[in-house]
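Structure file upload-v9.cif; described as mmCIF, N, CA and C atoms.
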data_data
#
loop_
_atom_site.label_atom_id
_atom_site.label_comp_id
_atom_site.auth_asym_id
_atom_site.auth_seq_id
_atom_site.Cartn_x
_atom_site.Cartn_y
_atom_site.Cartn_z
N MET A 1 56.75 -0.41 -38.28
CA MET A 1 57.71 -1.25 -37.62
C MET A 1 59.11 -0.85 -38.09
N ALA A 2 60.08 -0.89 -37.21
CA ALA A 2 61.42 -0.45 -37.53
C ALA A 2 62.30 -1.61 -37.97
N ILE A 3 63.30 -1.29 -38.80
CA ILE A 3 64.30 -2.26 -39.23
C ILE A 3 65.54 -2.01 -38.38
N GLU A 4 66.06 -3.07 -37.75
CA GLU A 4 67.25 -2.92 -36.92
C GLU A 4 68.49 -3.15 -37.77
N VAL A 5 69.42 -2.20 -37.72
CA VAL A 5 70.63 -2.22 -38.54
C VAL A 5 71.83 -1.96 -37.63
N THR A 6 72.96 -2.60 -37.93
CA THR A 6 74.19 -2.34 -37.18
C THR A 6 75.20 -1.71 -38.13
N CYS A 7 75.75 -0.58 -37.75
CA CYS A 7 76.75 0.09 -38.58
C CYS A 7 78.08 -0.65 -38.48
N PRO A 8 79.05 -0.38 -39.36
CA PRO A 8 80.35 -1.06 -39.33
C PRO A 8 81.09 -0.90 -38.00
N ASN A 9 80.79 0.16 -37.24
CA ASN A 9 81.45 0.38 -35.95
C ASN A 9 80.68 -0.21 -34.77
N GLY A 10 79.60 -0.93 -35.06
CA GLY A 10 78.86 -1.63 -34.02
C GLY A 10 77.69 -0.89 -33.41
N HIS A 11 77.37 0.28 -33.90
CA HIS A 11 76.21 1.01 -33.37
C HIS A 11 74.93 0.37 -33.91
N VAL A 12 74.01 0.07 -33.00
CA VAL A 12 72.73 -0.53 -33.40
C VAL A 12 71.74 0.60 -33.64
N LEU A 13 71.14 0.59 -34.83
CA LEU A 13 70.20 1.64 -35.22
C LEU A 13 68.84 1.02 -35.54
N LYS A 14 67.81 1.76 -35.25
CA LYS A 14 66.46 1.37 -35.68
C LYS A 14 66.02 2.38 -36.73
N VAL A 15 65.78 1.87 -37.94
CA VAL A 15 65.49 2.72 -39.09
C VAL A 15 64.05 2.48 -39.54
N LYS A 16 63.36 3.52 -39.95
CA LYS A 16 61.99 3.40 -40.43
C LYS A 16 61.94 2.54 -41.68
N ASP A 17 60.80 1.87 -41.88
CA ASP A 17 60.61 0.98 -43.02
C ASP A 17 60.75 1.70 -44.36
N LYS A 18 60.43 2.97 -44.40
CA LYS A 18 60.48 3.69 -45.66
C LYS A 18 61.90 3.84 -46.20
N TYR A 19 62.93 3.58 -45.37
CA TYR A 19 64.32 3.67 -45.80
C TYR A 19 64.89 2.31 -46.22
N ALA A 20 64.05 1.27 -46.31
CA ALA A 20 64.51 -0.06 -46.70
C ALA A 20 65.08 -0.02 -48.11
N GLY A 21 66.24 -0.66 -48.29
CA GLY A 21 66.91 -0.71 -49.59
C GLY A 21 67.74 0.51 -49.90
N LYS A 22 67.87 1.43 -48.96
CA LYS A 22 68.62 2.66 -49.18
C LYS A 22 69.88 2.67 -48.33
N THR A 23 70.72 3.65 -48.55
CA THR A 23 71.96 3.82 -47.80
C THR A 23 71.89 5.13 -47.05
N GLY A 24 72.42 5.13 -45.81
CA GLY A 24 72.43 6.34 -45.02
C GLY A 24 73.68 6.40 -44.17
N CYS A 25 73.75 7.43 -43.32
CA CYS A 25 74.90 7.61 -42.44
C CYS A 25 74.49 7.32 -41.00
N CYS A 26 75.40 6.68 -40.26
CA CYS A 26 75.18 6.43 -38.84
C CYS A 26 75.21 7.77 -38.11
N PRO A 27 74.24 8.09 -37.28
CA PRO A 27 74.23 9.37 -36.57
C PRO A 27 75.32 9.48 -35.51
N HIS A 28 75.93 8.36 -35.12
CA HIS A 28 76.96 8.37 -34.08
C HIS A 28 78.36 8.58 -34.65
N CYS A 29 78.65 7.91 -35.80
CA CYS A 29 80.03 7.95 -36.32
C CYS A 29 80.11 8.33 -37.79
N ASN A 30 78.98 8.64 -38.42
CA ASN A 30 78.90 9.02 -39.84
C ASN A 30 79.41 7.95 -40.79
N SER A 31 79.42 6.68 -40.36
CA SER A 31 79.78 5.58 -41.25
C SER A 31 78.62 5.30 -42.18
N ARG A 32 78.96 4.77 -43.35
CA ARG A 32 77.93 4.43 -44.34
C ARG A 32 77.22 3.15 -43.91
N VAL A 33 75.88 3.19 -43.90
CA VAL A 33 75.07 2.05 -43.47
C VAL A 33 74.07 1.71 -44.56
N ASP A 34 74.05 0.45 -44.98
CA ASP A 34 73.06 -0.05 -45.94
C ASP A 34 71.89 -0.63 -45.16
N VAL A 35 70.69 -0.15 -45.48
CA VAL A 35 69.48 -0.65 -44.82
C VAL A 35 68.90 -1.75 -45.71
N PRO A 36 68.87 -3.00 -45.20
CA PRO A 36 68.35 -4.10 -46.03
C PRO A 36 66.84 -4.04 -46.15
N GLU A 37 66.34 -4.64 -47.24
CA GLU A 37 64.89 -4.76 -47.38
C GLU A 37 64.44 -5.98 -46.60
N PRO A 38 63.34 -5.86 -45.90
CA PRO A 38 62.86 -7.02 -45.14
C PRO A 38 62.47 -8.15 -46.10
N ALA A 39 62.61 -9.38 -45.62
CA ALA A 39 62.27 -10.54 -46.44
C ALA A 39 60.78 -10.53 -46.76
N LYS A 40 60.45 -10.83 -47.98
CA LYS A 40 59.05 -10.89 -48.40
C LYS A 40 58.47 -12.22 -47.95
N VAL A 41 57.36 -12.16 -47.26
CA VAL A 41 56.69 -13.36 -46.77
C VAL A 41 55.34 -13.44 -47.45
N SER A 42 55.10 -14.55 -48.12
CA SER A 42 53.82 -14.71 -48.81
C SER A 42 52.76 -15.23 -47.84
N GLU A 43 51.53 -15.14 -48.26
CA GLU A 43 50.42 -15.63 -47.44
C GLU A 43 50.52 -17.14 -47.27
N ASP A 44 51.00 -17.85 -48.30
CA ASP A 44 51.17 -19.30 -48.19
C ASP A 44 52.22 -19.65 -47.15
N ASP A 45 53.31 -18.85 -47.07
CA ASP A 45 54.35 -19.08 -46.07
C ASP A 45 53.78 -18.94 -44.66
N ILE A 46 52.93 -17.95 -44.47
CA ILE A 46 52.33 -17.72 -43.16
C ILE A 46 51.41 -18.87 -42.79
N LEU A 47 50.57 -19.32 -43.75
CA LEU A 47 49.67 -20.42 -43.47
C LEU A 47 50.42 -21.72 -43.20
N GLU A 48 51.55 -21.92 -43.89
CA GLU A 48 52.36 -23.10 -43.65
C GLU A 48 52.97 -23.06 -42.25
N PHE A 49 53.39 -21.89 -41.81
CA PHE A 49 53.98 -21.74 -40.48
C PHE A 49 52.94 -21.91 -39.39
N VAL A 50 51.78 -21.28 -39.55
CA VAL A 50 50.74 -21.27 -38.53
C VAL A 50 49.98 -22.59 -38.49
N GLY A 51 49.70 -23.16 -39.65
CA GLY A 51 48.94 -24.40 -39.71
C GLY A 51 47.47 -24.10 -39.95
N PRO A 52 46.65 -25.15 -40.06
CA PRO A 52 45.23 -24.94 -40.33
C PRO A 52 44.53 -24.26 -39.15
N ALA A 53 43.55 -23.47 -39.48
CA ALA A 53 42.81 -22.71 -38.46
C ALA A 53 41.83 -23.61 -37.73
N LYS A 54 41.69 -23.36 -36.43
CA LYS A 54 40.68 -24.02 -35.62
C LYS A 54 39.77 -22.95 -35.05
N PRO A 55 38.51 -23.26 -34.84
CA PRO A 55 37.61 -22.27 -34.25
C PRO A 55 38.10 -21.86 -32.85
N ALA A 56 37.78 -20.64 -32.46
CA ALA A 56 38.20 -20.13 -31.15
C ALA A 56 37.64 -20.99 -30.04
N GLY A 57 38.49 -21.26 -29.06
CA GLY A 57 38.07 -22.02 -27.90
C GLY A 57 38.05 -23.53 -28.10
N MET A 58 38.54 -24.00 -29.26
CA MET A 58 38.52 -25.43 -29.52
C MET A 58 39.86 -26.05 -29.15
N ASP A 59 39.84 -27.10 -28.35
CA ASP A 59 41.05 -27.83 -27.98
C ASP A 59 41.31 -28.93 -28.99
N ASP A 60 42.49 -29.54 -28.90
CA ASP A 60 42.81 -30.66 -29.78
C ASP A 60 41.87 -31.83 -29.56
N ASP A 61 41.37 -31.99 -28.34
CA ASP A 61 40.46 -33.09 -28.02
C ASP A 61 39.09 -32.89 -28.67
N ASP A 62 38.76 -31.66 -29.06
CA ASP A 62 37.44 -31.34 -29.59
C ASP A 62 37.34 -31.47 -31.10
N GLU A 63 38.39 -31.96 -31.77
CA GLU A 63 38.37 -31.98 -33.24
C GLU A 63 37.23 -32.80 -33.79
N HIS A 64 36.86 -33.89 -33.13
CA HIS A 64 35.79 -34.74 -33.64
C HIS A 64 34.42 -34.07 -33.52
N VAL A 65 34.30 -33.00 -32.75
CA VAL A 65 33.03 -32.33 -32.54
C VAL A 65 32.88 -31.13 -33.48
N TYR A 66 33.95 -30.74 -34.13
CA TYR A 66 33.93 -29.55 -34.98
C TYR A 66 32.96 -29.71 -36.13
N GLN A 67 32.17 -28.67 -36.36
CA GLN A 67 31.23 -28.66 -37.46
C GLN A 67 31.64 -27.55 -38.41
N ASP A 68 31.67 -27.85 -39.70
CA ASP A 68 32.06 -26.88 -40.71
C ASP A 68 31.08 -25.71 -40.69
N PRO A 69 31.58 -24.43 -40.78
CA PRO A 69 30.66 -23.27 -40.76
C PRO A 69 29.61 -23.34 -41.87
N ALA A 70 29.93 -23.94 -43.01
CA ALA A 70 28.96 -24.06 -44.09
C ALA A 70 27.80 -24.96 -43.67
N GLU A 71 28.10 -25.98 -42.86
CA GLU A 71 27.06 -26.86 -42.37
C GLU A 71 26.23 -26.20 -41.29
N GLU A 72 26.81 -25.26 -40.55
CA GLU A 72 26.08 -24.57 -39.48
C GLU A 72 24.93 -23.76 -40.03
N VAL A 73 25.08 -23.23 -41.26
CA VAL A 73 24.02 -22.43 -41.86
C VAL A 73 22.79 -23.27 -42.05
N SER A 74 22.98 -24.52 -42.52
CA SER A 74 21.82 -25.37 -42.74
C SER A 74 21.19 -25.80 -41.42
N SER A 75 22.01 -25.93 -40.35
CA SER A 75 21.45 -26.33 -39.07
C SER A 75 20.84 -25.15 -38.32
N ALA A 76 21.05 -23.93 -38.79
CA ALA A 76 20.50 -22.75 -38.12
C ALA A 76 18.98 -22.75 -38.17
N ASN A 77 18.41 -23.33 -39.20
CA ASN A 77 16.96 -23.36 -39.33
C ASN A 77 16.34 -24.55 -38.62
N SER A 78 17.15 -25.38 -37.99
CA SER A 78 16.64 -26.58 -37.35
C SER A 78 16.03 -26.29 -35.98
N GLY A 79 16.17 -25.08 -35.47
CA GLY A 79 15.62 -24.74 -34.17
C GLY A 79 16.61 -24.95 -33.04
N ALA A 80 17.78 -25.47 -33.36
CA ALA A 80 18.80 -25.70 -32.34
C ALA A 80 19.39 -24.36 -31.90
N SER A 81 19.73 -24.26 -30.64
CA SER A 81 20.30 -23.03 -30.11
C SER A 81 21.73 -22.86 -30.60
N LEU A 82 22.11 -21.67 -31.01
CA LEU A 82 23.46 -21.39 -31.45
C LEU A 82 24.31 -20.83 -30.33
N LEU A 83 23.75 -20.70 -29.12
CA LEU A 83 24.50 -20.19 -27.99
C LEU A 83 25.50 -21.22 -27.51
N GLY A 84 26.66 -20.77 -27.09
CA GLY A 84 27.64 -21.68 -26.53
C GLY A 84 27.17 -22.21 -25.19
N SER A 85 27.69 -23.36 -24.80
CA SER A 85 27.25 -23.98 -23.55
C SER A 85 27.60 -23.11 -22.35
N SER A 86 28.69 -22.33 -22.44
CA SER A 86 29.06 -21.48 -21.31
C SER A 86 28.05 -20.35 -21.12
N ALA A 87 27.45 -19.86 -22.22
CA ALA A 87 26.46 -18.79 -22.10
C ALA A 87 25.18 -19.30 -21.45
N ILE A 88 24.88 -20.55 -21.68
CA ILE A 88 23.65 -21.11 -21.12
C ILE A 88 23.79 -21.29 -19.62
N ARG A 89 24.99 -21.60 -19.13
CA ARG A 89 25.19 -21.85 -17.71
C ARG A 89 25.17 -20.59 -16.86
N HIS A 90 25.28 -19.42 -17.43
CA HIS A 90 25.33 -18.18 -16.67
C HIS A 90 23.90 -17.66 -16.47
N MET A 91 23.31 -18.15 -15.40
CA MET A 91 21.93 -17.80 -15.09
C MET A 91 21.87 -17.10 -13.73
N LYS A 92 20.81 -16.34 -13.52
CA LYS A 92 20.55 -15.74 -12.22
C LYS A 92 19.09 -16.02 -11.88
N ALA A 93 18.78 -16.01 -10.60
CA ALA A 93 17.42 -16.30 -10.16
C ALA A 93 16.71 -15.00 -9.79
N CYS A 94 15.46 -14.91 -10.18
CA CYS A 94 14.64 -13.76 -9.82
C CYS A 94 14.35 -13.81 -8.33
N SER A 95 14.50 -12.66 -7.65
CA SER A 95 14.29 -12.62 -6.20
C SER A 95 12.81 -12.69 -5.83
N VAL A 96 11.91 -12.42 -6.77
CA VAL A 96 10.47 -12.44 -6.49
C VAL A 96 9.86 -13.82 -6.76
N CYS A 97 10.05 -14.34 -7.99
CA CYS A 97 9.39 -15.60 -8.36
C CYS A 97 10.35 -16.79 -8.42
N GLY A 98 11.67 -16.55 -8.35
CA GLY A 98 12.64 -17.63 -8.37
C GLY A 98 12.95 -18.18 -9.75
N GLU A 99 12.43 -17.57 -10.80
CA GLU A 99 12.65 -18.01 -12.18
C GLU A 99 14.13 -17.88 -12.53
N LYS A 100 14.71 -18.91 -13.17
CA LYS A 100 16.09 -18.86 -13.64
C LYS A 100 16.11 -18.11 -14.97
N VAL A 101 16.95 -17.05 -15.03
CA VAL A 101 16.98 -16.15 -16.18
C VAL A 101 18.45 -15.96 -16.60
N PRO A 102 18.74 -15.90 -17.92
CA PRO A 102 20.11 -15.61 -18.35
C PRO A 102 20.58 -14.27 -17.79
N VAL A 103 21.89 -14.17 -17.51
CA VAL A 103 22.43 -12.99 -16.84
C VAL A 103 22.26 -11.70 -17.63
N TRP A 104 22.10 -11.76 -18.93
CA TRP A 104 22.00 -10.53 -19.72
C TRP A 104 20.61 -9.91 -19.71
N HIS A 105 19.62 -10.59 -19.10
CA HIS A 105 18.27 -10.02 -19.02
C HIS A 105 18.24 -8.90 -17.98
N ALA A 106 17.53 -7.83 -18.28
CA ALA A 106 17.38 -6.72 -17.36
C ALA A 106 16.19 -6.91 -16.43
N SER A 107 15.22 -7.73 -16.88
CA SER A 107 14.05 -7.99 -16.04
C SER A 107 13.65 -9.45 -16.20
N CYS A 108 12.89 -9.92 -15.24
CA CYS A 108 12.41 -11.31 -15.26
C CYS A 108 11.28 -11.43 -16.28
N PRO A 109 11.37 -12.37 -17.23
CA PRO A 109 10.29 -12.52 -18.20
C PRO A 109 9.01 -13.10 -17.59
N GLN A 110 9.12 -13.75 -16.42
CA GLN A 110 7.97 -14.36 -15.75
C GLN A 110 7.12 -13.31 -15.02
N CYS A 111 7.78 -12.45 -14.21
CA CYS A 111 7.00 -11.51 -13.38
C CYS A 111 7.34 -10.04 -13.67
N ASP A 112 8.19 -9.76 -14.63
CA ASP A 112 8.58 -8.39 -15.04
C ASP A 112 9.26 -7.58 -13.94
N THR A 113 9.90 -8.24 -13.02
CA THR A 113 10.66 -7.56 -11.97
C THR A 113 12.04 -7.21 -12.52
N TYR A 114 12.45 -5.94 -12.35
CA TYR A 114 13.77 -5.51 -12.81
C TYR A 114 14.83 -5.97 -11.82
N PHE A 115 15.98 -6.40 -12.37
CA PHE A 115 17.10 -6.82 -11.53
C PHE A 115 17.92 -5.61 -11.16
N ASP A 116 18.32 -5.47 -9.88
CA ASP A 116 19.09 -4.30 -9.44
C ASP A 116 20.59 -4.60 -9.41
N ASP A 117 21.05 -5.73 -9.90
CA ASP A 117 22.47 -6.05 -9.89
C ASP A 117 23.19 -5.54 -11.14
N MET A 118 22.63 -4.54 -11.80
CA MET A 118 23.23 -4.02 -13.03
C MET A 118 24.16 -2.94 -12.72
#
Would you write the structure of this file as structure tokens?
Amino acid sequence: MAIEVTCPNGHVLKVKDKYAGKTGCCPHCNSRVDVPEPAKVSEDDILEFVGPAKPAGMDDDDEHVYQDPAEEVSSANSGASLLGSSAIRHMKACSVCGEKVPVWHASCPQCDTYFDDM
């Protein structure tokens, strides 16, 4: 990423990060230009700015439904499906037997007919 610097004569320069904290000459007017070091940002500053993380696809209205990932590990052995509800709704019907099958299947598990919509 480049550091944007303005020389004393008003020329705007983009300088490579490796020149931060050094002095150089403006290529347009040969004026002396000091390249500042970028402000140091800590990880805590970033987290304070961004705020607490929410799982992907979660709205503010869904906060009461959120389950901690540590708790999900224990529920993984309960037999409950870990698929999202949107994945479950994407089904296709077999043209031979009419069985509803998830879209990612290549063949019908009921009659072993291959789908040609691939």
For this session: Measure the distance from atom C of Pro36 (chain A) to atom N of Gly10 (chain A) in Å and round it to one decimal.
Result: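 Atom N of Gly10 (chain A) lies at a distance of 17.2 Å from atom C of Pro36 (chain A).
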Exercise. Mind pulling up the distance from CA of Gly24 (chain A) to atom N of Lys40 (chain A)?
Worked result: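 One can read the atom N of Lys40 (chain A) to CA of Gly24 (chain A) distance as 21.1 Å.
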For this session: Check what the PyMOL selection byres (((chain A and resi 102 and name CA) around 8) and name CA) selects in the file above and give those residues as a list in words.
Result: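 Applied to this file, the PyMOL selection byres (((chain A and resi 102 and name CA) around 8) and name CA) returns Ile88, His90, Met91, Lys92, Lys100, Val101, Val103, Trp104 and His105 of chain A.
Counting from CA of Val33 (chain A), the distance to CA of Asp45 (chain A) is 29.7 Å.
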For this session: Choose the residue, out of A:Cys97, A:Ile3, A:Ile46, A:Val41, that has the smallest atom-to-atom separation from Ala20 (chain A); count only N, CA and C atoms.
Result: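 Closest to Ala20 (chain A) of all the choices is A:Ile3.
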Exercise. Which residues match the PyMOL selection byres (((chain A and resi 4 and name CA) around 7) and name CA) in the file above, as a PyMOL selection string?
Worked result: chain A and resi 2-3+5-6+12-15
Identify all residues satisfying the PyMOL selection byres (((chain A and resi 110 and name CA) around 8) and name CA) in the given file; provide them as a tab-separated table (two decimals) with N, CA and C atoms, in the coordinates of the input.
chain	number	residue	atom	x	y	z
A	97	CYS	N	10.05	-14.34	-7.99
A	97	CYS	CA	9.39	-15.60	-8.36
A	97	CYS	C	10.35	-16.79	-8.42
A	99	GLU	N	12.43	-17.57	-10.80
A	99	GLU	CA	12.65	-18.01	-12.18
A	99	GLU	C	14.13	-17.88	-12.53
A	108	CYS	N	12.89	-9.92	-15.24
A	108	CYS	CA	12.41	-11.31	-15.26
A	108	CYS	C	11.28	-11.43	-16.28
A	109	PRO	N	11.37	-12.37	-17.23
A	109	PRO	CA	10.29	-12.52	-18.20
A	109	PRO	C	9.01	-13.10	-17.59
A	111	CYS	N	7.78	-12.45	-14.21
A	111	CYS	CA	7.00	-11.51	-13.38
A	111	CYS	C	7.34	-10.04	-13.67
A	112	ASP	N	8.19	-9.76	-14.63
A	112	ASP	CA	8.58	-8.39	-15.04
A	112	ASP	C	9.26	-7.58	-13.94
For this session: With a distance cut-off of 9 Å and only C-alpha atoms, select the neighbouring residues of Gly21 (chain A), excluding the residue or stretch itself and same-chain residues fewer than 4 positions from it, and output the selection as an MDAnalysis selection string.
Result: chainID A and resid 34:38
8 Å per side around region 101-118 of chain A: axis-aligned box centre and edge lengths, as AutoDock Vina command-line options:
--center_x 15.6 --center_y -10.0 --center_z -14.6 --size_x 33.2 --size_y 30.1 --size_z 26.3
